[in-house]
$ cat start-v7.pdb   # PDB, C-alpha atoms and all ligand atoms
ATOM      1  CA  MET A   2     -12.633  20.106  17.801
ATOM      2  CA  GLY A   3      -8.861  20.497  17.385
ATOM      3  CA  ILE A   4      -6.983  19.307  14.340
ATOM      4  CA  ILE A   5      -5.529  16.207  16.029
ATOM      5  CA  GLU A   6      -9.034  15.131  17.109
ATOM      6  CA  LYS A   7     -10.291  15.728  13.562
ATOM      7  CA  MET A   8      -7.547  13.480  12.209
ATOM      8  CA  ARG A   9      -8.688  10.511  14.309
ATOM      9  CA  LEU A  10     -10.356   7.558  12.557
ATOM     10  CA  ASP A  11     -12.807   6.506  15.287
ATOM     11  CA  GLY A  12     -15.624   4.358  13.935
ATOM     12  CA  LYS A  13     -14.104   4.002  10.474
ATOM     13  CA  ALA A  14     -13.755   0.642   8.709
ATOM     14  CA  ILE A  15     -10.573   0.149   6.700
ATOM     15  CA  TYR A  16      -8.917  -2.781   4.952
ATOM     16  CA  VAL A  17      -5.193  -3.055   4.278
ATOM     17  CA  THR A  18      -3.719  -5.494   1.734
ATOM     18  CA  GLY A  19      -0.249  -6.902   2.272
ATOM     19  CA  ALA A  20      -0.895  -6.304   5.962
ATOM     20  CA  ALA A  21       0.813  -9.454   7.271
ATOM     21  CA  SER A  22       4.163  -7.689   7.267
ATOM     22  CA  GLY A  23       6.208  -4.583   6.592
ATOM     23  CA  ILE A  24       4.558  -1.336   5.542
ATOM     24  CA  GLY A  25       1.063  -2.846   5.485
ATOM     25  CA  LYS A  26       1.286  -4.138   9.043
ATOM     26  CA  CYS A  27       2.637  -0.812  10.264
ATOM     27  CA  ALA A  28      -0.158   1.068   8.446
ATOM     28  CA  ALA A  29      -2.825  -1.224   9.899
ATOM     29  CA  MET A  30      -1.453  -0.594  13.393
ATOM     30  CA  ALA A  31      -1.577   3.175  12.775
ATOM     31  CA  PHE A  32      -5.176   3.077  11.533
ATOM     32  CA  ALA A  33      -6.191   1.048  14.603
ATOM     33  CA  GLU A  34      -4.292   3.338  16.986
ATOM     34  CA  ALA A  35      -6.217   6.228  15.409
ATOM     35  CA  GLY A  36      -9.493   4.446  16.267
ATOM     36  CA  ALA A  37     -10.416   2.466  13.139
ATOM     37  CA  ASP A  38     -11.538  -1.132  12.793
ATOM     38  CA  VAL A  39      -9.095  -2.794  10.425
ATOM     39  CA  ALA A  40      -9.309  -5.842   8.164
ATOM     40  CA  ILE A  41      -5.894  -7.458   7.773
ATOM     41  CA  VAL A  42      -5.765  -8.792   4.213
ATOM     42  CA  ASP A  43      -2.929 -10.915   2.852
ATOM     43  CA  ILE A  44      -2.204 -14.006   0.766
ATOM     44  CA  ASN A  45      -0.403 -15.263   3.895
ATOM     45  CA  ILE A  46      -3.322 -16.070   6.216
ATOM     46  CA  GLU A  47      -1.191 -17.244   9.175
ATOM     47  CA  GLY A  48       0.681 -13.961   9.106
ATOM     48  CA  ALA A  49      -2.549 -11.989   8.720
ATOM     49  CA  GLU A  50      -4.144 -13.779  11.680
ATOM     50  CA  ALA A  51      -1.124 -13.087  13.895
ATOM     51  CA  VAL A  52      -1.139  -9.396  12.938
ATOM     52  CA  ALA A  53      -4.909  -9.118  13.472
ATOM     53  CA  LYS A  54      -4.502 -10.507  16.994
ATOM     54  CA  GLU A  55      -1.498  -8.305  17.780
ATOM     55  CA  ILE A  56      -3.349  -5.155  16.653
ATOM     56  CA  ALA A  57      -6.594  -6.075  18.426
ATOM     57  CA  ASP A  58      -4.679  -6.769  21.667
ATOM     58  CA  ALA A  59      -2.718  -3.523  21.407
ATOM     59  CA  THR A  60      -5.546  -1.181  20.391
ATOM     60  CA  GLY A  61      -8.957  -2.772  20.974
ATOM     61  CA  SER A  62      -9.684  -2.481  17.236
ATOM     62  CA  ARG A  63     -12.237  -4.986  15.908
ATOM     63  CA  THR A  64      -9.798  -6.608  13.491
ATOM     64  CA  ILE A  65     -10.428  -9.481  11.100
ATOM     65  CA  ALA A  66      -7.942 -11.455   9.035
ATOM     66  CA  ILE A  67      -8.887 -12.266   5.439
ATOM     67  CA  GLN A  68      -6.925 -14.420   3.018
ATOM     68  CA  CYS A  69      -6.892 -12.882  -0.432
ATOM     69  CA  ASP A  70      -4.648 -13.075  -3.474
ATOM     70  CA  VAL A  71      -4.996  -9.603  -4.970
ATOM     71  CA  THR A  72      -4.469 -10.994  -8.484
ATOM     72  CA  SER A  73      -7.737 -12.944  -8.274
ATOM     73  CA  GLN A  74     -10.808 -10.862  -9.150
ATOM     74  CA  GLU A  75     -13.045 -13.384  -7.410
ATOM     75  CA  GLN A  76     -10.999 -13.326  -4.185
ATOM     76  CA  VAL A  77     -10.843  -9.521  -4.197
ATOM     77  CA  GLU A  78     -14.627  -9.181  -4.658
ATOM     78  CA  THR A  79     -15.190 -11.703  -1.851
ATOM     79  CA  MET A  80     -12.712  -9.883   0.408
ATOM     80  CA  VAL A  81     -14.396  -6.500  -0.060
ATOM     81  CA  ALA A  82     -17.831  -8.072   0.492
ATOM     82  CA  LYS A  83     -16.567  -9.678   3.723
ATOM     83  CA  VAL A  84     -15.245  -6.331   5.003
ATOM     84  CA  VAL A  85     -18.588  -4.633   4.274
ATOM     85  CA  GLU A  86     -20.514  -7.547   5.823
ATOM     86  CA  THR A  87     -18.362  -7.345   8.982
ATOM     87  CA  TYR A  88     -18.357  -3.586   9.511
ATOM     88  CA  GLY A  89     -21.448  -2.479   7.556
ATOM     89  CA  LYS A  90     -19.436  -0.057   5.384
ATOM     90  CA  LEU A  91     -16.007   0.720   3.946
ATOM     91  CA  ASP A  92     -14.598   4.143   4.832
ATOM     92  CA  ALA A  93     -11.083   3.685   3.495
ATOM     93  CA  CYS A  94      -8.753   1.107   2.048
ATOM     94  CA  TYR A  95      -5.020   0.797   1.599
ATOM     95  CA  ASN A  96      -4.070  -1.264  -1.468
ATOM     96  CA  ASN A  97      -0.481  -2.009  -0.543
ATOM     97  CA  ALA A  98       0.389  -5.622  -1.434
ATOM     98  CA  GLY A  99       3.362  -5.766  -3.748
ATOM     99  CA  ILE A 100       6.531  -7.626  -4.642
ATOM    100  CA  ALA A 101       9.916  -6.644  -6.057
ATOM    101  CA  LEU A 102      11.995  -8.625  -8.518
ATOM    102  CA  ASN A 103      15.564  -7.837  -9.516
ATOM    103  CA  VAL A 104      16.299  -9.463 -12.886
ATOM    104  CA  PRO A 105      18.055  -7.945 -15.927
ATOM    105  CA  ALA A 106      15.446  -7.165 -18.610
ATOM    106  CA  GLU A 107      17.117  -9.359 -21.228
ATOM    107  CA  GLU A 108      16.965 -12.341 -18.863
ATOM    108  CA  MET A 109      13.485 -11.709 -17.490
ATOM    109  CA  THR A 110      10.916 -14.289 -18.528
ATOM    110  CA  TYR A 111       7.470 -13.151 -19.572
ATOM    111  CA  GLU A 112       6.105 -15.076 -16.568
ATOM    112  CA  GLN A 113       8.322 -13.039 -14.214
ATOM    113  CA  TRP A 114       7.202  -9.789 -15.857
ATOM    114  CA  LEU A 115       3.544 -10.793 -15.609
ATOM    115  CA  LYS A 116       3.861 -11.823 -11.942
ATOM    116  CA  VAL A 117       5.121  -8.379 -10.917
ATOM    117  CA  ILE A 118       2.597  -6.475 -13.061
ATOM    118  CA  ASN A 119      -0.242  -8.724 -11.886
ATOM    119  CA  ILE A 120       0.397  -8.215  -8.174
ATOM    120  CA  ASN A 121       1.640  -4.616  -8.154
ATOM    121  CA  LEU A 122      -0.576  -2.992 -10.809
ATOM    122  CA  ASN A 123      -3.450  -5.298 -11.745
ATOM    123  CA  GLY A 124      -3.981  -6.127  -8.061
ATOM    124  CA  VAL A 125      -4.350  -2.428  -7.252
ATOM    125  CA  PHE A 126      -6.818  -2.060 -10.153
ATOM    126  CA  LEU A 127      -8.913  -4.992  -8.900
ATOM    127  CA  CYS A 128      -8.925  -3.772  -5.279
ATOM    128  CA  ALA A 129      -9.449  -0.088  -6.043
ATOM    129  CA  THR A 130     -12.358  -0.715  -8.406
ATOM    130  CA  ALA A 131     -14.012  -3.285  -6.090
ATOM    131  CA  ALA A 132     -13.696  -0.849  -3.161
ATOM    132  CA  GLY A 133     -14.690   2.023  -5.440
ATOM    133  CA  ARG A 134     -17.987   0.358  -6.393
ATOM    134  CA  VAL A 135     -18.906   0.127  -2.677
ATOM    135  CA  MET A 136     -17.757   3.676  -1.945
ATOM    136  CA  LEU A 137     -19.553   5.180  -4.961
ATOM    137  CA  LYS A 138     -22.792   3.680  -3.668
ATOM    138  CA  GLN A 139     -22.082   5.061  -0.180
ATOM    139  CA  GLY A 140     -21.134   8.487  -1.588
ATOM    140  CA  TYR A 141     -17.870   8.601   0.349
ATOM    141  CA  GLY A 142     -14.565   6.792   0.766
ATOM    142  CA  SER A 143     -10.815   7.171   0.654
ATOM    143  CA  ILE A 144      -8.679   4.842  -1.446
ATOM    144  CA  ILE A 145      -4.924   4.808  -0.871
ATOM    145  CA  ASN A 146      -2.493   2.849  -3.045
ATOM    146  CA  THR A 147       1.193   2.087  -2.532
ATOM    147  CA  ALA A 148       3.255   3.269  -5.469
ATOM    148  CA  SER A 149       6.992   3.901  -4.958
ATOM    149  CA  MET A 150       9.764   6.321  -5.746
ATOM    150  CA  SER A 151      10.476   3.660  -8.406
ATOM    151  CA  GLY A 152       7.461   5.062 -10.258
ATOM    152  CA  HIS A 153       9.430   8.302 -10.587
ATOM    153  CA  ILE A 154      13.058   7.271 -11.012
ATOM    154  CA  VAL A 155      14.954   4.184 -12.149
ATOM    155  CA  ASN A 156      16.652   2.683  -9.126
ATOM    156  CA  VAL A 157      20.312   1.737  -9.434
ATOM    157  CA  PRO A 158      22.260  -0.489  -9.440
ATOM    158  CA  GLN A 159      19.681  -3.296  -9.271
ATOM    159  CA  PRO A 160      17.740  -4.083 -12.479
ATOM    160  CA  GLN A 161      13.981  -4.010 -11.845
ATOM    161  CA  CYS A 162      12.167  -2.853 -14.992
ATOM    162  CA  ALA A 163       8.882  -4.633 -14.231
ATOM    163  CA  TYR A 164       8.739  -3.182 -10.712
ATOM    164  CA  ASN A 165       9.450   0.355 -11.932
ATOM    165  CA  ALA A 166       6.853   0.091 -14.711
ATOM    166  CA  SER A 167       4.257  -1.342 -12.312
ATOM    167  CA  LYS A 168       4.715   1.509  -9.831
ATOM    168  CA  ALA A 169       4.563   4.197 -12.545
ATOM    169  CA  GLY A 170       1.307   2.508 -13.555
ATOM    170  CA  VAL A 171      -0.039   2.727  -9.998
ATOM    171  CA  ILE A 172       0.583   6.488  -9.941
ATOM    172  CA  MET A 173      -1.281   7.050 -13.234
ATOM    173  CA  LEU A 174      -4.088   4.656 -12.266
ATOM    174  CA  THR A 175      -4.489   6.601  -9.009
ATOM    175  CA  LYS A 176      -4.747   9.934 -10.833
ATOM    176  CA  SER A 177      -7.160   8.503 -13.410
ATOM    177  CA  LEU A 178      -9.539   7.118 -10.775
ATOM    178  CA  ALA A 179      -9.323  10.369  -8.803
ATOM    179  CA  ILE A 180     -10.470  12.330 -11.859
ATOM    180  CA  GLU A 181     -13.239   9.881 -12.747
ATOM    181  CA  TRP A 182     -14.628   9.971  -9.205
ATOM    182  CA  ALA A 183     -13.770  13.552  -8.192
ATOM    183  CA  LYS A 184     -17.388  14.693  -7.832
ATOM    184  CA  THR A 185     -18.625  11.557  -6.049
ATOM    185  CA  GLY A 186     -17.067  11.855  -2.579
ATOM    186  CA  VAL A 187     -14.621   9.048  -3.340
ATOM    187  CA  ARG A 188     -10.986  10.162  -3.176
ATOM    188  CA  VAL A 189      -7.996   8.258  -4.556
ATOM    189  CA  ASN A 190      -4.372   8.938  -3.611
ATOM    190  CA  CYS A 191      -1.100   7.067  -3.464
ATOM    191  CA  ILE A 192       2.138   7.265  -1.547
ATOM    192  CA  SER A 193       5.572   6.826  -3.071
ATOM    193  CA  PRO A 194       7.986   5.636  -0.393
ATOM    194  CA  GLY A 195      11.734   5.640  -0.834
ATOM    195  CA  TYR A 196      13.724   2.664   0.466
ATOM    196  CA  ILE A 197      12.037   1.507   3.664
ATOM    197  CA  GLY A 198      13.809  -0.850   6.051
ATOM    198  CA  THR A 199      11.109  -3.512   6.336
ATOM    199  CA  ASP A 200      12.087  -6.950   7.649
ATOM    200  CA  LEU A 201      12.159  -8.214   4.088
ATOM    201  CA  ILE A 202      14.920  -5.799   3.092
ATOM    202  CA  MET A 203      16.840  -5.834   6.369
ATOM    203  CA  ASN A 204      16.913  -9.641   6.696
ATOM    204  CA  ALA A 205      17.839 -10.554   3.117
ATOM    205  CA  PRO A 206      21.590 -11.322   2.968
ATOM    206  CA  HIS A 207      21.779 -10.637  -0.806
ATOM    207  CA  LEU A 208      20.490  -7.089  -0.225
ATOM    208  CA  LYS A 209      23.095  -6.133   2.401
ATOM    209  CA  PRO A 210      25.648  -4.747  -0.112
ATOM    210  CA  LEU A 211      22.847  -2.936  -1.934
ATOM    211  CA  ILE A 212      21.661  -1.243   1.267
ATOM    212  CA  GLU A 213      25.143   0.210   1.728
ATOM    213  CA  GLN A 214      25.060   1.595  -1.824
ATOM    214  CA  TRP A 215      21.539   3.024  -1.392
ATOM    215  CA  ASN A 216      22.528   4.722   1.845
ATOM    216  CA  ALA A 217      25.576   6.252   0.150
ATOM    217  CA  MET A 218      23.231   7.728  -2.496
ATOM    218  CA  ALA A 219      20.561   8.857  -0.017
ATOM    219  CA  PRO A 220      20.616  12.567   0.974
ATOM    220  CA  MET A 221      19.750  11.569   4.559
ATOM    221  CA  GLY A 222      22.244   8.693   4.468
ATOM    222  CA  ARG A 223      19.745   6.099   5.642
ATOM    223  CA  LEU A 224      16.660   4.039   4.815
ATOM    224  CA  GLY A 225      13.235   5.150   5.973
ATOM    225  CA  LYS A 226      11.337   3.280   8.677
ATOM    226  CA  PRO A 227       7.806   1.944   8.106
ATOM    227  CA  GLU A 228       6.673   4.099  11.059
ATOM    228  CA  GLU A 229       7.694   7.188   9.084
ATOM    229  CA  LEU A 230       4.829   6.492   6.647
ATOM    230  CA  GLN A 231       2.137   6.161   9.314
ATOM    231  CA  SER A 232       1.059   9.779   9.743
ATOM    232  CA  VAL A 233       0.630  10.470   6.035
ATOM    233  CA  LEU A 234      -1.485   7.314   5.691
ATOM    234  CA  VAL A 235      -3.704   8.272   8.637
ATOM    235  CA  TYR A 236      -4.076  11.723   7.058
ATOM    236  CA  LEU A 237      -5.097  10.272   3.674
ATOM    237  CA  ALA A 238      -7.556   7.808   5.243
ATOM    238  CA  GLY A 239      -9.320  10.443   7.318
ATOM    239  CA  ASP A 240     -11.567  13.444   6.840
ATOM    240  CA  THR A 241      -8.967  16.214   7.053
ATOM    241  CA  SER A 242      -7.670  15.198   3.605
ATOM    242  CA  SER A 243     -11.064  16.049   2.042
ATOM    243  CA  PHE A 244      -9.468  18.253  -0.679
ATOM    244  CA  THR A 245      -6.640  15.801  -1.360
ATOM    245  CA  THR A 246      -7.368  13.534  -4.307
ATOM    246  CA  GLY A 247      -5.215  12.467  -7.232
ATOM    247  CA  SER A 248      -2.141  13.133  -5.122
ATOM    248  CA  ASP A 249       1.000  11.052  -5.029
ATOM    249  CA  ILE A 250       2.770  11.835  -1.774
ATOM    250  CA  VAL A 251       6.490  11.105  -2.007
ATOM    251  CA  VAL A 252       8.084  10.103   1.315
ATOM    252  CA  ASP A 253      11.672   9.368   0.394
ATOM    253  CA  GLY A 254      14.058  11.555   2.410
ATOM    254  CA  ALA A 255      14.692  13.627  -0.770
ATOM    255  CA  PHE A 256      16.048  10.599  -2.686
ATOM    256  CA  THR A 257      14.262  11.643  -5.907
ATOM    257  CA  CYS A 258      15.168  15.344  -5.645
ATOM    258  CA  PHE A 259      18.252  15.144  -7.840
TER
HETATM  259  P1  LIG A 301       6.620  -7.005   2.461
HETATM  260  O1  LIG A 301       7.104  -8.125   1.616
HETATM  261  O2  LIG A 301       7.065  -6.903   3.868
HETATM  262  O3  LIG A 301       5.017  -6.999   2.447
HETATM  263  C1  LIG A 301       4.275  -7.338   1.319
HETATM  264  C2  LIG A 301       3.076  -8.168   1.756
HETATM  265  O4  LIG A 301       2.280  -8.417   0.594
HETATM  266  C3  LIG A 301       3.446  -9.543   2.341
HETATM  267  O5  LIG A 301       2.786  -9.725   3.588
HETATM  268  C4  LIG A 301       2.965 -10.523   1.295
HETATM  269  O6  LIG A 301       2.511 -11.764   1.843
HETATM  270  C5  LIG A 301       1.817  -9.752   0.654
HETATM  271  N1  LIG A 301       1.517 -10.229  -0.704
HETATM  272  C6  LIG A 301       2.401 -10.579  -1.674
HETATM  273  N2  LIG A 301       1.734 -11.002  -2.753
HETATM  274  C7  LIG A 301       0.414 -10.906  -2.472
HETATM  275  C8  LIG A 301      -0.769 -11.194  -3.193
HETATM  276  N3  LIG A 301      -0.734 -11.691  -4.453
HETATM  277  N4  LIG A 301      -1.953 -10.955  -2.604
HETATM  278  C9  LIG A 301      -2.018 -10.484  -1.344
HETATM  279  N5  LIG A 301      -0.933 -10.201  -0.592
HETATM  280  C10 LIG A 301       0.274 -10.414  -1.165
HETATM  281  O7  LIG A 301       6.986  -5.677   1.637
HETATM  282  P2  LIG A 301       6.924  -4.135   2.052
HETATM  283  O8  LIG A 301       8.303  -3.634   1.988
HETATM  284  O9  LIG A 301       6.112  -3.918   3.262
HETATM  285  O10 LIG A 301       6.152  -3.537   0.783
HETATM  286  C11 LIG A 301       4.784  -3.164   0.816
HETATM  287  C12 LIG A 301       4.482  -2.306  -0.409
HETATM  288  O11 LIG A 301       5.323  -1.154  -0.380
HETATM  289  C13 LIG A 301       4.752  -2.983  -1.742
HETATM  290  O12 LIG A 301       3.780  -2.582  -2.690
HETATM  291  C14 LIG A 301       6.111  -2.438  -2.135
HETATM  292  O13 LIG A 301       6.324  -2.463  -3.526
HETATM  293  C15 LIG A 301       5.978  -1.023  -1.623
HETATM  294  N6  LIG A 301       7.248  -0.318  -1.386
HETATM  295  C16 LIG A 301       8.184  -0.843  -0.553
HETATM  296  C17 LIG A 301       9.361  -0.149  -0.354
HETATM  297  C18 LIG A 301      10.456  -0.666   0.548
HETATM  298  O14 LIG A 301      11.592  -0.165   0.434
HETATM  299  N7  LIG A 301      10.179  -1.610   1.433
HETATM  300  C19 LIG A 301       9.567   1.068  -1.012
HETATM  301  C20 LIG A 301       8.573   1.567  -1.840
HETATM  302  C21 LIG A 301       7.401   0.860  -2.026
END
$ encode --input "start-v7.pdb" --output "structure tokens" --more "lines below"
Ligand code: NAD
Amino acid sequence: MGIIEKMRLDGKAIYVTGAASGIGKCAAMAFAEAGADVAIVDINIEGAEAVAKEIADATGSRTIAIQCDVTSQEQVETMVAKVVETYGKLDACYNNAGIALNVPAEEMTYEQWLKVININLNGVFLCATAAGRVMLKQGYGSIINTASMSGHIVNVPQPQCAYNASKAGVIMLTKSLAIEWAKTGVRVNCISPGYIGTDLIMNAPHLKPLIEQWNAMAPMGRLGKPEELQSVLVYLAGDTSSFTTGSDIVVDGAFTCF
């Protein structure tokens, strides 16, 4: 079998959180195009249902839409159980749901801080450990988390201390789980995207001036596209990444190189 065939995900069951839009939707489409059945998980159930239908129509994947707030342990446990009940197993998962908040630290309320940390970091902990418990029993599985280049550098000019701290936490959580589970067949990796032109960023009027500044700072002079993350995610979800665990793959057009 050639390498491209080996990279396919035929017969695999994968869930993606934050899959109603942006990077998560694009990842779910890639997993399905590579042959996987994909559960579309999001707090926004209407969006998740629309994406599940779009992906099923386009690829023939046996998709399901599941409403889940990743900050609720109960909802996360129920979501993972539903995925396993539907597909009989869980081969891989992509814990991707996240939010950004630009507020100067001295003006940030504790509630605002907690909201970002709860979704971006605690949500990844809840999902990764719930999926991990299933995968440890199976003896195999690939867990992928979305960190960010913001876990490596402090973005400027916008103030976003909670976001940066949450993403640095995701990178260290990923490495910690990878070490704990290294001998079990369960792998844990994350990706750290640079600025990606999802609808959220492109359609927000208040971000327009910031995009111009980011592009001026970017070595490639542009944002990334969600599609430019697809191949690395398919690689991490599949069997050809069998020696890749504890890795944080930076996909940022060299933004963090200087
Ligand atoms: P997006 O807003 O398009 O997608 C995020 C999705 O998460 C939405 O569908 C939203 O409904 C869902 N969500 C929010 N809170 C949730 C919750 N509590 N439970 C379940 N789902 C919830 O954003 P995106 O740009 O696609 O970002 C996806 C991930 O990528 C995030 O973790 C983000 O921090 C990270 N990221 C984005 C960029 C970028 O430039 N776009 C760069 C680096 C990292």
$ residues_near_ligand --input "start-v7.pdb" --ligand "ligand LIG 301 (chain A)" --cutoff "7 Å" --atoms "only C-alpha atoms and all ligand atoms" --output "ChimeraX atom specification"
/A:18-25,42-45,69-72,97-101,120-121,147-150,193-202
$ resolve_selection --input "start-v7.pdb" --expression "the PyMOL selection byres (((chain A and resi 155) around 12) and not hetatm)" --output "ChimeraX atom specification"
/A:149-154,156-166,168-169,195,256-257
$ atom_distance --input "start-v7.pdb" --atom1 "CA of Met136 in chain A" --atom2 "CA of Ala31 in chain A"
21.9 Å
$ closest_residue --input "start-v7.pdb" --among "A:Val39, A:Pro220, A:Ala33, A:Ala49" --to "Cys258 in chain A" --atoms "all atoms listed in the file"
A:Pro220
$ atom_distance --input "start-v7.pdb" --atom1 "CA of Asn146 in chain A" --atom2 "CA of Tyr95 in chain A"
5.7 Å
$ residues_around --input "start-v7.pdb" --residues "range 231-242 of chain A" --least-positions-apart "2" --cutoff "8 Å" --atoms "all atoms listed in the file" --output "mmCIF file with C-alpha atoms, keeping the file's coordinate frame"
data_model
loop_
_atom_site.group_PDB
_atom_site.id
_atom_site.type_symbol
_atom_site.label_atom_id
_atom_site.label_comp_id
_atom_site.auth_asym_id
_atom_site.auth_seq_id
_atom_site.Cartn_x
_atom_site.Cartn_y
_atom_site.Cartn_z
ATOM 1 C CA LYS A 7 -10.291 15.728 13.562
ATOM 2 C CA MET A 8 -7.547 13.480 12.209
ATOM 3 C CA ARG A 9 -8.688 10.511 14.309
ATOM 4 C CA LEU A 10 -10.356 7.558 12.557
ATOM 5 C CA CYS A 27 2.637 -0.812 10.264
ATOM 6 C CA ALA A 28 -0.158 1.068 8.446
ATOM 7 C CA ALA A 31 -1.577 3.175 12.775
ATOM 8 C CA PHE A 32 -5.176 3.077 11.533
ATOM 9 C CA ALA A 35 -6.217 6.228 15.409
ATOM 10 C CA ASP A 92 -14.598 4.143 4.832
ATOM 11 C CA ALA A 93 -11.083 3.685 3.495
ATOM 12 C CA CYS A 94 -8.753 1.107 2.048
ATOM 13 C CA SER A 143 -10.815 7.171 0.654
ATOM 14 C CA ILE A 144 -8.679 4.842 -1.446
ATOM 15 C CA ILE A 145 -4.924 4.808 -0.871
ATOM 16 C CA ASN A 190 -4.372 8.938 -3.611
ATOM 17 C CA PRO A 227 7.806 1.944 8.106
ATOM 18 C CA GLU A 228 6.673 4.099 11.059
ATOM 19 C CA GLU A 229 7.694 7.188 9.084
ATOM 20 C CA PHE A 244 -9.468 18.253 -0.679
ATOM 21 C CA THR A 245 -6.640 15.801 -1.360
#
$ resolve_selection --input "start-v7.pdb" --expression "the PyMOL selection byres (((chain A and resi 130) around 12) and not hetatm)" --output "ChimeraX atom specification"
/A:74,77-78,81,94,96,123-129,131-137,144-146,174-175,177-179,181-182,187,189
$ resolve_selection --input "start-v7.pdb" --expression "the PyMOL selection byres (((chain A and resi 50) around 9) and not hetatm)" --output "VMD selection string"
chain A and resid 21 41 45 to 49 51 to 55 65 to 67
$ atom_distance --input "start-v7.pdb" --atom1 "CA of Arg63 in chain A" --atom2 "CA of Gln139 in chain A"
21.4 Å
$ closest_residue --input "start-v7.pdb" --among "A:Arg188, A:Lys226, A:His207, A:Lys116" --to "Gly247 in chain A" --atoms "only C-alpha atoms"
A:Arg188
$ closest_residue --input "start-v7.pdb" --among "A:Gln113, A:Ala14, A:Gly36, A:Ser243" --to "Lys83 in chain A" --atoms "all atoms listed in the file"
A:Ala14
$ closest_residue --input "start-v7.pdb" --among "A:Ile15, A:Ser167, A:Ile5, A:Lys90" --to "Val117 in chain A" --atoms "all atoms listed in the file"
A:Ser167
$ axis_aligned_box --input "start-v7.pdb" --around "range 92-97 of chain A" --padding-each-side "3 Å" --output "lines of an AutoDock Vina configuration file"
center_x = -7.5
center_y = 1.1
center_z = 1.7
size_x = 20.1
size_y = 12.2
size_z = 12.3
